[in-house]
file entry-v7.pdb (PDB, C-alpha atoms and all ligand atoms)
ATOM      1  CA  MET A 161      30.485 -23.661 -33.294
ATOM      2  CA  ARG A 162      30.346 -26.398 -30.640
ATOM      3  CA  LEU A 163      28.684 -29.669 -31.664
ATOM      4  CA  ASP A 164      28.060 -32.679 -29.434
ATOM      5  CA  ALA A 165      26.084 -35.036 -31.656
ATOM      6  CA  VAL A 166      26.437 -36.660 -35.063
ATOM      7  CA  ALA A 167      23.263 -35.259 -36.690
ATOM      8  CA  PRO A 168      24.079 -31.525 -36.345
ATOM      9  CA  LEU A 169      27.689 -32.258 -37.218
ATOM     10  CA  ARG A 170      26.599 -33.925 -40.456
ATOM     11  CA  THR A 171      24.268 -31.047 -41.254
ATOM     12  CA  ALA A 172      27.175 -28.606 -40.936
ATOM     13  CA  THR A 173      29.646 -30.704 -42.929
ATOM     14  CA  ALA A 174      27.073 -31.504 -45.647
ATOM     15  CA  GLY A 175      26.516 -27.769 -46.173
ATOM     16  CA  TRP A 176      30.246 -27.152 -46.523
ATOM     17  CA  ARG A 177      30.698 -30.109 -48.852
ATOM     18  CA  ALA A 178      27.794 -28.952 -51.030
ATOM     19  CA  ARG A 179      29.650 -25.657 -51.511
ATOM     20  CA  GLY A 180      32.750 -27.566 -52.581
ATOM     21  CA  GLU A 181      34.650 -26.707 -49.413
ATOM     22  CA  ARG A 182      37.536 -28.902 -48.322
ATOM     23  CA  ILE A 183      37.177 -30.204 -44.771
ATOM     24  CA  VAL A 184      40.105 -31.014 -42.490
ATOM     25  CA  LEU A 185      39.659 -32.998 -39.282
ATOM     26  CA  VAL A 186      42.056 -32.723 -36.355
ATOM     27  CA  PRO A 187      41.197 -35.424 -33.802
ATOM     28  CA  THR A 188      42.378 -34.709 -30.248
ATOM     29  CA  MET A 189      41.798 -35.812 -26.689
ATOM     30  CA  GLY A 190      41.766 -32.216 -25.473
ATOM     31  CA  ALA A 191      44.248 -30.749 -22.964
ATOM     32  CA  LEU A 192      45.314 -28.711 -25.945
ATOM     33  CA  HIS A 193      48.784 -27.232 -26.194
ATOM     34  CA  ALA A 194      50.829 -25.412 -28.803
ATOM     35  CA  GLY A 195      51.411 -28.686 -30.675
ATOM     36  CA  HIS A 196      47.668 -29.068 -31.233
ATOM     37  CA  LEU A 197      47.401 -25.431 -32.248
ATOM     38  CA  ALA A 198      50.113 -26.012 -34.843
ATOM     39  CA  LEU A 199      47.944 -28.825 -36.238
ATOM     40  CA  MET A 200      44.961 -26.453 -36.382
ATOM     41  CA  ALA A 201      47.069 -23.787 -38.087
ATOM     42  CA  HIS A 202      48.299 -26.331 -40.621
ATOM     43  CA  ALA A 203      44.709 -27.493 -41.167
ATOM     44  CA  ARG A 204      43.718 -23.912 -41.988
ATOM     45  CA  THR A 205      46.365 -23.734 -44.687
ATOM     46  CA  ILE A 206      45.198 -26.888 -46.479
ATOM     47  CA  GLY A 207      41.425 -26.696 -46.074
ATOM     48  CA  ASP A 208      38.421 -24.384 -46.158
ATOM     49  CA  ARG A 209      36.845 -25.771 -42.994
ATOM     50  CA  VAL A 210      38.488 -27.194 -39.889
ATOM     51  CA  VAL A 211      36.783 -29.556 -37.471
ATOM     52  CA  ALA A 212      38.616 -30.350 -34.213
ATOM     53  CA  SER A 213      37.296 -33.223 -32.158
ATOM     54  CA  ILE A 214      37.820 -33.588 -28.436
ATOM     55  CA  PHE A 215      37.144 -37.023 -27.022
ATOM     56  CA  VAL A 216      39.140 -38.760 -24.304
ATOM     57  CA  ASN A 217      38.753 -42.221 -25.745
ATOM     58  CA  PRO A 218      38.415 -44.794 -22.957
ATOM     59  CA  THR A 219      39.112 -47.785 -25.209
ATOM     60  CA  GLN A 220      42.692 -46.748 -25.915
ATOM     61  CA  PHE A 221      43.703 -46.706 -22.225
ATOM     62  CA  GLY A 222      44.739 -49.871 -20.412
ATOM     63  CA  PRO A 223      43.287 -50.680 -16.985
ATOM     64  CA  THR A 224      46.369 -49.322 -15.192
ATOM     65  CA  GLU A 225      46.817 -46.271 -17.430
ATOM     66  CA  ASP A 226      45.927 -42.637 -16.834
ATOM     67  CA  PHE A 227      42.376 -42.445 -18.265
ATOM     68  CA  SER A 228      40.816 -41.097 -15.084
ATOM     69  CA  ARG A 229      43.575 -38.579 -14.413
ATOM     70  CA  TYR A 230      44.046 -37.597 -18.073
ATOM     71  CA  PRO A 231      43.918 -33.751 -18.062
ATOM     72  CA  ARG A 232      40.517 -32.354 -19.055
ATOM     73  CA  ASP A 233      39.709 -28.650 -19.384
ATOM     74  CA  VAL A 234      36.944 -28.234 -21.934
ATOM     75  CA  GLU A 235      36.406 -24.505 -21.441
ATOM     76  CA  ALA A 236      40.094 -23.706 -21.933
ATOM     77  CA  ASP A 237      40.211 -26.014 -24.963
ATOM     78  CA  LEU A 238      37.179 -24.378 -26.559
ATOM     79  CA  ALA A 239      38.709 -20.926 -26.070
ATOM     80  CA  LEU A 240      41.926 -22.113 -27.733
ATOM     81  CA  LEU A 241      40.008 -23.625 -30.650
ATOM     82  CA  ALA A 242      38.008 -20.432 -31.127
ATOM     83  CA  GLY A 243      41.273 -18.461 -31.157
ATOM     84  CA  ALA A 244      42.706 -20.900 -33.703
ATOM     85  CA  GLY A 245      39.850 -20.192 -36.115
ATOM     86  CA  VAL A 246      38.415 -23.697 -35.997
ATOM     87  CA  ASP A 247      34.968 -23.882 -37.646
ATOM     88  CA  ALA A 248      33.559 -26.650 -35.471
ATOM     89  CA  ALA A 249      34.611 -28.151 -32.158
ATOM     90  CA  TYR A 250      33.107 -31.634 -32.022
ATOM     91  CA  LEU A 251      32.765 -33.071 -28.508
ATOM     92  CA  PRO A 252      30.881 -36.360 -28.695
ATOM     93  CA  GLY A 253      29.920 -38.070 -25.448
ATOM     94  CA  VAL A 254      30.836 -41.661 -24.629
ATOM     95  CA  GLU A 255      27.276 -42.722 -25.441
ATOM     96  CA  THR A 256      27.651 -41.281 -28.948
ATOM     97  CA  MET A 257      30.929 -43.047 -29.606
ATOM     98  CA  TYR A 258      30.115 -46.296 -27.805
ATOM     99  CA  PRO A 259      26.354 -46.767 -27.595
ATOM    100  CA  PRO A 260      25.002 -49.774 -25.691
ATOM    101  CA  GLY A 261      25.759 -52.966 -27.580
ATOM    102  CA  PHE A 262      28.782 -51.476 -29.361
ATOM    103  CA  SER A 263      30.798 -54.493 -30.492
ATOM    104  CA  THR A 264      32.979 -53.603 -33.491
ATOM    105  CA  ARG A 265      36.712 -53.113 -33.365
ATOM    106  CA  ILE A 266      39.383 -52.358 -35.934
ATOM    107  CA  GLU A 267      42.515 -54.364 -35.387
ATOM    108  CA  VAL A 268      45.600 -53.611 -37.434
ATOM    109  CA  ALA A 269      48.046 -56.527 -37.401
ATOM    110  CA  ASP A 270      51.863 -56.305 -37.746
ATOM    111  CA  LEU A 271      52.251 -52.563 -37.255
ATOM    112  CA  THR A 272      50.798 -52.781 -33.760
ATOM    113  CA  GLU A 273      52.852 -55.670 -32.465
ATOM    114  CA  GLY A 274      56.089 -53.897 -31.521
ATOM    115  CA  LEU A 275      57.060 -50.565 -29.955
ATOM    116  CA  CYS A 276      54.149 -49.087 -27.939
ATOM    117  CA  GLY A 277      51.907 -51.958 -29.024
ATOM    118  CA  ALA A 278      54.025 -54.418 -27.044
ATOM    119  CA  PHE A 279      53.484 -52.419 -23.847
ATOM    120  CA  ARG A 280      49.936 -51.182 -24.398
ATOM    121  CA  PRO A 281      47.824 -54.178 -25.452
ATOM    122  CA  GLY A 282      44.630 -53.063 -27.174
ATOM    123  CA  HIS A 283      45.734 -49.434 -27.372
ATOM    124  CA  PHE A 284      45.934 -49.211 -31.157
ATOM    125  CA  THR A 285      42.698 -51.124 -31.610
ATOM    126  CA  GLY A 286      41.046 -48.424 -29.507
ATOM    127  CA  VAL A 287      42.759 -45.694 -31.532
ATOM    128  CA  ALA A 288      41.966 -47.176 -34.956
ATOM    129  CA  THR A 289      38.347 -47.785 -33.994
ATOM    130  CA  VAL A 290      37.704 -44.322 -32.600
ATOM    131  CA  VAL A 291      39.468 -42.600 -35.503
ATOM    132  CA  ALA A 292      37.421 -44.616 -38.007
ATOM    133  CA  LYS A 293      34.278 -43.473 -36.223
ATOM    134  CA  LEU A 294      35.365 -39.822 -36.108
ATOM    135  CA  VAL A 295      36.265 -39.911 -39.804
ATOM    136  CA  ASN A 296      32.911 -41.513 -40.665
ATOM    137  CA  GLN A 297      31.077 -38.928 -38.600
ATOM    138  CA  VAL A 298      32.888 -35.881 -39.986
ATOM    139  CA  GLY A 299      33.626 -37.072 -43.529
ATOM    140  CA  PRO A 300      36.788 -34.980 -43.910
ATOM    141  CA  ASP A 301      38.956 -34.771 -47.011
ATOM    142  CA  VAL A 302      42.072 -34.847 -44.824
ATOM    143  CA  ALA A 303      42.729 -35.840 -41.206
ATOM    144  CA  LEU A 304      45.856 -34.532 -39.454
ATOM    145  CA  PHE A 305      47.887 -36.269 -36.764
ATOM    146  CA  GLY A 306      51.087 -35.276 -35.005
ATOM    147  CA  GLU A 307      54.192 -37.278 -35.838
ATOM    148  CA  LYS A 308      55.020 -37.497 -32.136
ATOM    149  CA  ASP A 309      52.700 -40.515 -32.023
ATOM    150  CA  TYR A 310      54.449 -41.993 -35.021
ATOM    151  CA  GLN A 311      53.255 -45.583 -34.611
ATOM    152  CA  GLN A 312      49.708 -44.264 -34.212
ATOM    153  CA  LEU A 313      50.096 -42.301 -37.458
ATOM    154  CA  ARG A 314      51.250 -45.413 -39.315
ATOM    155  CA  VAL A 315      48.470 -47.566 -37.838
ATOM    156  CA  ILE A 316      45.761 -45.048 -38.758
ATOM    157  CA  THR A 317      47.155 -44.600 -42.260
ATOM    158  CA  ARG A 318      47.135 -48.366 -42.772
ATOM    159  CA  ALA A 319      43.651 -48.865 -41.315
ATOM    160  CA  MET A 320      42.127 -46.146 -43.511
ATOM    161  CA  ARG A 321      43.868 -47.516 -46.591
ATOM    162  CA  ASP A 322      42.935 -51.138 -45.877
ATOM    163  CA  LEU A 323      39.287 -50.213 -45.323
ATOM    164  CA  ASP A 324      39.122 -47.884 -48.370
ATOM    165  CA  VAL A 325      38.039 -44.990 -46.196
ATOM    166  CA  PRO A 326      38.056 -41.945 -48.506
ATOM    167  CA  VAL A 327      40.270 -39.710 -46.397
ATOM    168  CA  GLU A 328      43.867 -38.608 -46.699
ATOM    169  CA  ILE A 329      45.833 -39.122 -43.491
ATOM    170  CA  ARG A 330      48.662 -36.640 -43.055
ATOM    171  CA  GLY A 331      51.342 -36.397 -40.383
ATOM    172  CA  VAL A 332      52.599 -33.061 -39.105
ATOM    173  CA  PRO A 333      56.132 -32.760 -37.640
ATOM    174  CA  THR A 334      56.420 -32.683 -33.857
ATOM    175  CA  LEU A 335      56.463 -29.306 -32.162
ATOM    176  CA  ARG A 336      59.151 -29.051 -29.491
ATOM    177  CA  GLU A 337      60.109 -26.855 -26.580
ATOM    178  CA  ALA A 338      63.305 -24.841 -27.093
ATOM    179  CA  ASP A 339      65.253 -27.595 -25.291
ATOM    180  CA  GLY A 340      63.925 -30.319 -27.620
ATOM    181  CA  LEU A 341      61.208 -31.842 -25.449
ATOM    182  CA  ALA A 342      58.286 -32.887 -27.646
ATOM    183  CA  LEU A 343      55.079 -31.085 -26.677
ATOM    184  CA  SER A 344      52.591 -33.447 -25.046
ATOM    185  CA  SER A 345      49.530 -33.129 -22.847
ATOM    186  CA  ARG A 346      51.298 -35.478 -20.442
ATOM    187  CA  ASN A 347      54.261 -33.099 -19.932
ATOM    188  CA  ARG A 348      52.157 -31.340 -17.315
ATOM    189  CA  TYR A 349      52.559 -34.424 -15.099
ATOM    190  CA  LEU A 350      56.335 -33.847 -14.871
ATOM    191  CA  THR A 351      57.825 -32.450 -11.667
ATOM    192  CA  PRO A 352      60.314 -29.572 -12.145
ATOM    193  CA  GLN A 353      63.188 -32.015 -11.658
ATOM    194  CA  GLU A 354      61.765 -34.450 -14.215
ATOM    195  CA  ARG A 355      61.070 -31.603 -16.625
ATOM    196  CA  ALA A 356      64.764 -30.675 -16.446
ATOM    197  CA  VAL A 357      65.778 -34.230 -17.397
ATOM    198  CA  ALA A 358      63.066 -34.876 -20.021
ATOM    199  CA  PRO A 359      64.814 -33.225 -23.042
ATOM    200  CA  ARG A 360      67.494 -35.906 -22.779
ATOM    201  CA  LEU A 361      65.099 -38.243 -24.595
ATOM    202  CA  ASN A 362      65.161 -36.128 -27.744
ATOM    203  CA  ALA A 363      68.897 -35.486 -27.410
ATOM    204  CA  VAL A 364      69.582 -39.232 -27.350
ATOM    205  CA  LEU A 365      67.305 -39.940 -30.309
ATOM    206  CA  SER A 366      68.870 -37.144 -32.352
ATOM    207  CA  ARG A 367      72.364 -38.395 -31.570
ATOM    208  CA  ILE A 368      71.435 -41.906 -32.726
ATOM    209  CA  ALA A 369      69.831 -40.513 -35.893
ATOM    210  CA  GLY A 370      73.068 -38.655 -36.658
ATOM    211  CA  ALA A 371      75.164 -41.796 -36.188
ATOM    212  CA  LEU A 372      72.864 -43.841 -38.435
ATOM    213  CA  SER A 373      72.832 -41.187 -41.149
ATOM    214  CA  ALA A 374      76.625 -41.284 -41.025
ATOM    215  CA  GLY A 375      76.424 -45.003 -41.885
ATOM    216  CA  GLU A 376      76.845 -46.613 -38.441
ATOM    217  CA  PRO A 377      74.812 -49.746 -37.671
ATOM    218  CA  ALA A 378      72.078 -49.311 -35.077
ATOM    219  CA  THR A 379      73.184 -51.706 -32.324
ATOM    220  CA  GLY A 380      75.998 -49.652 -30.744
ATOM    221  CA  PRO A 381      74.315 -46.232 -30.700
ATOM    222  CA  VAL A 382      71.047 -47.762 -29.450
ATOM    223  CA  ALA A 383      72.788 -49.573 -26.559
ATOM    224  CA  GLU A 384      74.613 -46.354 -25.636
ATOM    225  CA  GLY A 385      71.377 -44.417 -25.874
ATOM    226  CA  ILE A 386      69.573 -46.772 -23.486
ATOM    227  CA  ALA A 387      72.475 -46.552 -21.005
ATOM    228  CA  ASP A 388      72.452 -42.758 -21.292
ATOM    229  CA  LEU A 389      68.692 -42.552 -20.615
ATOM    230  CA  GLU A 390      68.917 -44.920 -17.663
ATOM    231  CA  ALA A 391      71.796 -42.928 -16.195
ATOM    232  CA  ALA A 392      69.690 -39.763 -16.533
ATOM    233  CA  GLY A 393      66.876 -41.350 -14.497
ATOM    234  CA  PHE A 394      64.500 -42.790 -17.121
ATOM    235  CA  ALA A 395      63.155 -46.075 -15.730
ATOM    236  CA  PRO A 396      62.132 -48.222 -17.355
ATOM    237  CA  VAL A 397      63.168 -47.473 -20.891
ATOM    238  CA  GLN A 398      60.436 -49.535 -22.532
ATOM    239  CA  TYR A 399      62.017 -49.453 -25.962
ATOM    240  CA  LEU A 400      64.520 -47.569 -28.046
ATOM    241  CA  ALA A 401      64.506 -48.819 -31.605
ATOM    242  CA  VAL A 402      65.378 -47.969 -35.172
ATOM    243  CA  CYS A 403      62.585 -48.871 -37.567
ATOM    244  CA  ASP A 404      61.650 -48.518 -41.188
ATOM    245  CA  ALA A 405      59.578 -45.340 -41.524
ATOM    246  CA  ASP A 406      56.781 -47.160 -43.385
ATOM    247  CA  THR A 407      56.611 -50.697 -42.073
ATOM    248  CA  LEU A 408      58.092 -50.075 -38.607
ATOM    249  CA  ALA A 409      60.207 -53.220 -39.089
ATOM    250  CA  PRO A 410      63.503 -53.067 -37.144
ATOM    251  CA  VAL A 411      66.426 -51.723 -39.152
ATOM    252  CA  GLU A 412      70.155 -52.212 -38.528
ATOM    253  CA  ARG A 413      71.514 -50.014 -41.312
ATOM    254  CA  VAL A 414      69.547 -47.127 -42.722
ATOM    255  CA  VAL A 415      69.241 -47.372 -46.493
ATOM    256  CA  ARG A 416      65.729 -45.917 -46.785
ATOM    257  CA  PRO A 417      63.860 -43.468 -44.584
ATOM    258  CA  ALA A 418      63.766 -44.699 -40.999
ATOM    259  CA  ARG A 419      62.749 -43.485 -37.588
ATOM    260  CA  VAL A 420      64.398 -43.721 -34.172
ATOM    261  CA  LEU A 421      61.641 -44.211 -31.614
ATOM    262  CA  ALA A 422      61.554 -44.531 -27.844
ATOM    263  CA  ALA A 423      59.214 -44.773 -24.882
ATOM    264  CA  ALA A 424      60.448 -44.389 -21.337
ATOM    265  CA  TYR A 425      59.106 -43.507 -17.947
ATOM    266  CA  LEU A 426      60.319 -40.511 -16.018
ATOM    267  CA  GLY A 427      58.811 -40.992 -12.574
ATOM    268  CA  ARG A 428      55.135 -41.771 -13.200
ATOM    269  CA  THR A 429      55.064 -40.141 -16.627
ATOM    270  CA  ARG A 430      55.477 -42.150 -19.788
ATOM    271  CA  LEU A 431      57.200 -40.118 -22.491
ATOM    272  CA  ILE A 432      57.432 -41.079 -26.139
ATOM    273  CA  ASP A 433      59.357 -39.431 -28.929
ATOM    274  CA  ASN A 434      60.811 -40.192 -32.336
ATOM    275  CA  VAL A 435      62.977 -38.530 -34.961
ATOM    276  CA  PRO A 436      63.437 -39.168 -38.669
ATOM    277  CA  VAL A 437      66.644 -40.649 -40.066
ATOM    278  CA  ALA A 438      67.545 -39.951 -43.641
ATOM    279  CA  PRO A 439      69.772 -42.539 -45.332
ATOM    280  CA  GLY A 440      73.397 -41.407 -45.453
ATOM    281  CA  THR A 441      74.929 -40.327 -48.699
TER     282      THR A 441
HETATM  283  O1  LIG A 501      46.536 -38.767 -30.425
HETATM  284  C1  LIG A 501      45.466 -38.634 -29.829
HETATM  285  O2  LIG A 501      45.192 -37.597 -29.225
HETATM  286  C2  LIG A 501      44.471 -39.774 -29.822
HETATM  287  O3  LIG A 501      45.122 -40.998 -29.841
HETATM  288  C3  LIG A 501      43.452 -39.698 -30.979
HETATM  289  C4  LIG A 501      44.137 -39.805 -32.328
HETATM  290  C5  LIG A 501      42.685 -38.383 -30.888
HETATM  291  C6  LIG A 501      42.443 -40.843 -30.878
HETATM  292  O4  LIG A 501      41.762 -40.822 -29.669
END
call {"tool": "encode", "arguments": {"input": "entry-v7.pdb", "output": "structure tokens", "more": "lines below"}}
Ligand code: PAF
result
Amino acid sequence: MRLDAVAPLRTATAGWRARGERIVLVPTMGALHAGHLALMAHARTIGDRVVASIFVNPTQFGPTEDFSRYPRDVEADLALLAGAGVDAAYLPGVETMYPPGFSTRIEVADLTEGLCGAFRPGHFTGVATVVAKLVNQVGPDVALFGEKDYQQLRVITRAMRDLDVPVEIRGVPTLREADGLALSSRNRYLTPQERAVAPRLNAVLSRIAGALSAGEPATGPVAEGIADLEAAGFAPVQYLAVCDADTLAPVERVVRPARVLAAAYLGRTRLIDNVPVAPGT
């Protein structure tokens, strides 16, 4: 079922809720790939009804970012969603999400200041605001997000908690190509040469995670990792950092769950990735 407006969406979800069915929302910006389909498959296992939204949210793109060239292929996406057994594909228009006079924004402090937030001013405000709207429109029990956008996952979790929004936010581990590259809609921008180099990002992060789990402090492995990425052709490496998995505060020695996170350009394509680090024994 394809829905474009809030009223029919609410009619559908109200019917499901009245029957005691558990609703799972998977928000996306379309250009669906196997990573999204893994989210849909996971949604099926934890809920009775799955709603996937497709909305390329203009407010989370900066003026020089790729909003206008962001890949869009609605027909292909709808076919994939139908194949994934999604109950409703929700495709609101810009006028539904941002009607004239729209003037409310959700700003999450602290968590948004570093990492991607330092390079993408306003990005997480756009994300938190649109996700709050999608959650209010759908009224899901659970909303799923990929861990590839780890800072986004933390920001959304915090925003929903702080605002007492009755939804459980869950992260789903990143799906990767066989060579380690995290699946992303933006991978299709990579030239063949860049695609060959791209898995180095995950290799570097995994190596750092191993060193930290073995008890090494972060500084040395992170410096080596940046040098390694630069030598491979990533430019600029915007950040490569070790952070607490909850607060995203920088960490030098891993004594509780942490994350190694990075963002770097390969040609014109900005890649992000992160891996978990378990404290050493
Ligand atoms: O991760 C995304 O695709 C987007 O940031 C999201 C969560 C759908 C909000 O527009």
call {"tool": "residues_near_ligand", "arguments": {"input": "entry-v7.pdb", "ligand": "ligand LIG 501 (chain A)", "cutoff": "10 Å", "atoms": "only C-alpha atoms and all ligand atoms", "output": "PDB file with C-alpha atoms, in the coordinates of the input"}}
result
ATOM      1  CA  VAL A 186      42.056 -32.723 -36.355  1.00  0.00           C
ATOM      2  CA  PRO A 187      41.197 -35.424 -33.802  1.00  0.00           C
ATOM      3  CA  THR A 188      42.378 -34.709 -30.248  1.00  0.00           C
ATOM      4  CA  MET A 189      41.798 -35.812 -26.689  1.00  0.00           C
ATOM      5  CA  GLY A 190      41.766 -32.216 -25.473  1.00  0.00           C
ATOM      6  CA  ALA A 191      44.248 -30.749 -22.964  1.00  0.00           C
ATOM      7  CA  LEU A 192      45.314 -28.711 -25.945  1.00  0.00           C
ATOM      8  CA  HIS A 196      47.668 -29.068 -31.233  1.00  0.00           C
ATOM      9  CA  ALA A 212      38.616 -30.350 -34.213  1.00  0.00           C
ATOM     10  CA  SER A 213      37.296 -33.223 -32.158  1.00  0.00           C
ATOM     11  CA  ILE A 214      37.820 -33.588 -28.436  1.00  0.00           C
ATOM     12  CA  PHE A 215      37.144 -37.023 -27.022  1.00  0.00           C
ATOM     13  CA  VAL A 216      39.140 -38.760 -24.304  1.00  0.00           C
ATOM     14  CA  ASN A 217      38.753 -42.221 -25.745  1.00  0.00           C
ATOM     15  CA  PRO A 218      38.415 -44.794 -22.957  1.00  0.00           C
ATOM     16  CA  THR A 219      39.112 -47.785 -25.209  1.00  0.00           C
ATOM     17  CA  GLN A 220      42.692 -46.748 -25.915  1.00  0.00           C
ATOM     18  CA  PHE A 221      43.703 -46.706 -22.225  1.00  0.00           C
ATOM     19  CA  HIS A 283      45.734 -49.434 -27.372  1.00  0.00           C
ATOM     20  CA  PHE A 284      45.934 -49.211 -31.157  1.00  0.00           C
ATOM     21  CA  GLY A 286      41.046 -48.424 -29.507  1.00  0.00           C
ATOM     22  CA  VAL A 287      42.759 -45.694 -31.532  1.00  0.00           C
ATOM     23  CA  ALA A 288      41.966 -47.176 -34.956  1.00  0.00           C
ATOM     24  CA  THR A 289      38.347 -47.785 -33.994  1.00  0.00           C
ATOM     25  CA  VAL A 290      37.704 -44.322 -32.600  1.00  0.00           C
ATOM     26  CA  VAL A 291      39.468 -42.600 -35.503  1.00  0.00           C
ATOM     27  CA  ALA A 292      37.421 -44.616 -38.007  1.00  0.00           C
ATOM     28  CA  LEU A 294      35.365 -39.822 -36.108  1.00  0.00           C
ATOM     29  CA  ALA A 303      42.729 -35.840 -41.206  1.00  0.00           C
ATOM     30  CA  LEU A 304      45.856 -34.532 -39.454  1.00  0.00           C
ATOM     31  CA  PHE A 305      47.887 -36.269 -36.764  1.00  0.00           C
ATOM     32  CA  GLY A 306      51.087 -35.276 -35.005  1.00  0.00           C
ATOM     33  CA  GLU A 307      54.192 -37.278 -35.838  1.00  0.00           C
ATOM     34  CA  LYS A 308      55.020 -37.497 -32.136  1.00  0.00           C
ATOM     35  CA  ASP A 309      52.700 -40.515 -32.023  1.00  0.00           C
ATOM     36  CA  TYR A 310      54.449 -41.993 -35.021  1.00  0.00           C
ATOM     37  CA  GLN A 312      49.708 -44.264 -34.212  1.00  0.00           C
ATOM     38  CA  LEU A 313      50.096 -42.301 -37.458  1.00  0.00           C
ATOM     39  CA  ILE A 316      45.761 -45.048 -38.758  1.00  0.00           C
ATOM     40  CA  SER A 344      52.591 -33.447 -25.046  1.00  0.00           C
ATOM     41  CA  SER A 345      49.530 -33.129 -22.847  1.00  0.00           C
TER      42      SER A 345
END
call {"tool": "atom_distance", "arguments": {"input": "entry-v7.pdb", "atom1": "CA of Gly245 in chain A", "atom2": "CA of Arg170 in chain A"}}
result
19.6 Å
call {"tool": "atom_distance", "arguments": {"input": "entry-v7.pdb", "atom1": "CA of Leu197 in chain A", "atom2": "CA of Ile329 in chain A"}}
result
17.8 Å
call {"tool": "residues_around", "arguments": {"input": "entry-v7.pdb", "residues": "Ala387 in chain A", "least_positions_apart": "5", "cutoff": "12 Å", "atoms": "all atoms listed in the file", "output": "PyMOL selection string"}}
result
chain A and resi 360-361+364+380-382+392-397+399-400
call {"tool": "residues_around", "arguments": {"input": "entry-v7.pdb", "residues": "range 255-257 of chain A", "least_positions_apart": "2", "cutoff": "8 Å", "atoms": "all atoms listed in the file", "output": "number ranges by chain"}}
result
A: 165-166, 252-253, 259-260, 290, 293
call {"tool": "atom_distance", "arguments": {"input": "entry-v7.pdb", "atom1": "CA of Leu389 in chain A", "atom2": "CA of Ile432 in chain A"}}
result
12.6 Å
call {"tool": "closest_residue", "arguments": {"input": "entry-v7.pdb", "among": "A:Gly282, A:Glu412, A:Pro359, A:Gly180", "to": "Gly375 in chain A", "atoms": "all atoms listed in the file"}}
result
A:Glu412
call {"tool": "closest_residue", "arguments": {"input": "entry-v7.pdb", "among": "A:Val302, A:Leu271, A:Leu341, A:Ala358", "to": "Asp208 in chain A", "atoms": "only C-alpha atoms"}}
result
A:Val302
call {"tool": "closest_residue", "arguments": {"input": "entry-v7.pdb", "among": "A:Gln311, A:Ser373, A:Asn296, A:Thr334", "to": "Gly277 in chain A", "atoms": "all atoms listed in the file"}}
result
A:Gln311
call {"tool": "residues_around", "arguments": {"input": "entry-v7.pdb", "residues": "Val357 in chain A", "least_positions_apart": "5", "cutoff": "12 Å", "atoms": "only C-alpha atoms", "output": "PDB file with C-alpha atoms, in the frame of the given file"}}
result
ATOM      1  CA  ASP A 339      65.253 -27.595 -25.291  1.00  0.00           C
ATOM      2  CA  GLY A 340      63.925 -30.319 -27.620  1.00  0.00           C
ATOM      3  CA  LEU A 341      61.208 -31.842 -25.449  1.00  0.00           C
ATOM      4  CA  ASN A 347      54.261 -33.099 -19.932  1.00  0.00           C
ATOM      5  CA  LEU A 350      56.335 -33.847 -14.871  1.00  0.00           C
ATOM      6  CA  THR A 351      57.825 -32.450 -11.667  1.00  0.00           C
ATOM      7  CA  PRO A 352      60.314 -29.572 -12.145  1.00  0.00           C
ATOM      8  CA  ASN A 362      65.161 -36.128 -27.744  1.00  0.00           C
ATOM      9  CA  ALA A 363      68.897 -35.486 -27.410  1.00  0.00           C
ATOM     10  CA  VAL A 364      69.582 -39.232 -27.350  1.00  0.00           C
ATOM     11  CA  ASP A 388      72.452 -42.758 -21.292  1.00  0.00           C
ATOM     12  CA  LEU A 389      68.692 -42.552 -20.615  1.00  0.00           C
ATOM     13  CA  GLU A 390      68.917 -44.920 -17.663  1.00  0.00           C
ATOM     14  CA  ALA A 391      71.796 -42.928 -16.195  1.00  0.00           C
ATOM     15  CA  ALA A 392      69.690 -39.763 -16.533  1.00  0.00           C
ATOM     16  CA  GLY A 393      66.876 -41.350 -14.497  1.00  0.00           C
ATOM     17  CA  PHE A 394      64.500 -42.790 -17.121  1.00  0.00           C
ATOM     18  CA  TYR A 425      59.106 -43.507 -17.947  1.00  0.00           C
ATOM     19  CA  LEU A 426      60.319 -40.511 -16.018  1.00  0.00           C
ATOM     20  CA  GLY A 427      58.811 -40.992 -12.574  1.00  0.00           C
ATOM     21  CA  LEU A 431      57.200 -40.118 -22.491  1.00  0.00           C
TER      22      LEU A 431
END
call {"tool": "closest_residue", "arguments": {"input": "entry-v7.pdb", "among": "A:Leu238, A:Ala198, A:Ala178, A:Leu372", "to": "Gly331 in chain A", "atoms": "all atoms listed in the file"}}
result
A:Ala198
call {"tool": "axis_aligned_box", "arguments": {"input": "entry-v7.pdb", "around": "range 294-309 of chain A", "padding_each_side": "4 Å", "output": "lines of an AutoDock Vina configuration file"}}
result
center_x = 43.0
center_y = -38.0
center_z = -39.5
size_x = 31.9
size_y = 15.0
size_z = 23.0
call {"tool": "closest_residue", "arguments": {"input": "entry-v7.pdb", "among": "A:Met161, A:Ala405, A:Ala369, A:Leu323", "to": "Val246 in chain A", "atoms": "all atoms listed in the file"}}
result
A:Met161
call {"tool": "closest_residue", "arguments": {"input": "entry-v7.pdb", "among": "A:Thr317, A:Gln353, A:Asn434, A:Gln398", "to": "Ser366 in chain A", "atoms": "all atoms listed in the file"}}
result
A:Asn434
call {"tool": "residues_around", "arguments": {"input": "entry-v7.pdb", "residues": "Ala409 in chain A", "least_positions_apart": "4", "cutoff": "12 Å", "atoms": "all atoms listed in the file", "output": "NGL selection string"}}
result
:A and (270-275 or 311 or 314 or 401-405 or 413-414 or 416-421)
call {"tool": "resolve_selection", "arguments": {"input": "entry-v7.pdb", "expression": "the PyMOL selection byres (((chain A and resi 230) around 9) and not hetatm)", "output": "ChimeraX atom specification"}}
result
/A:191,216,226-229,231-232,345-346
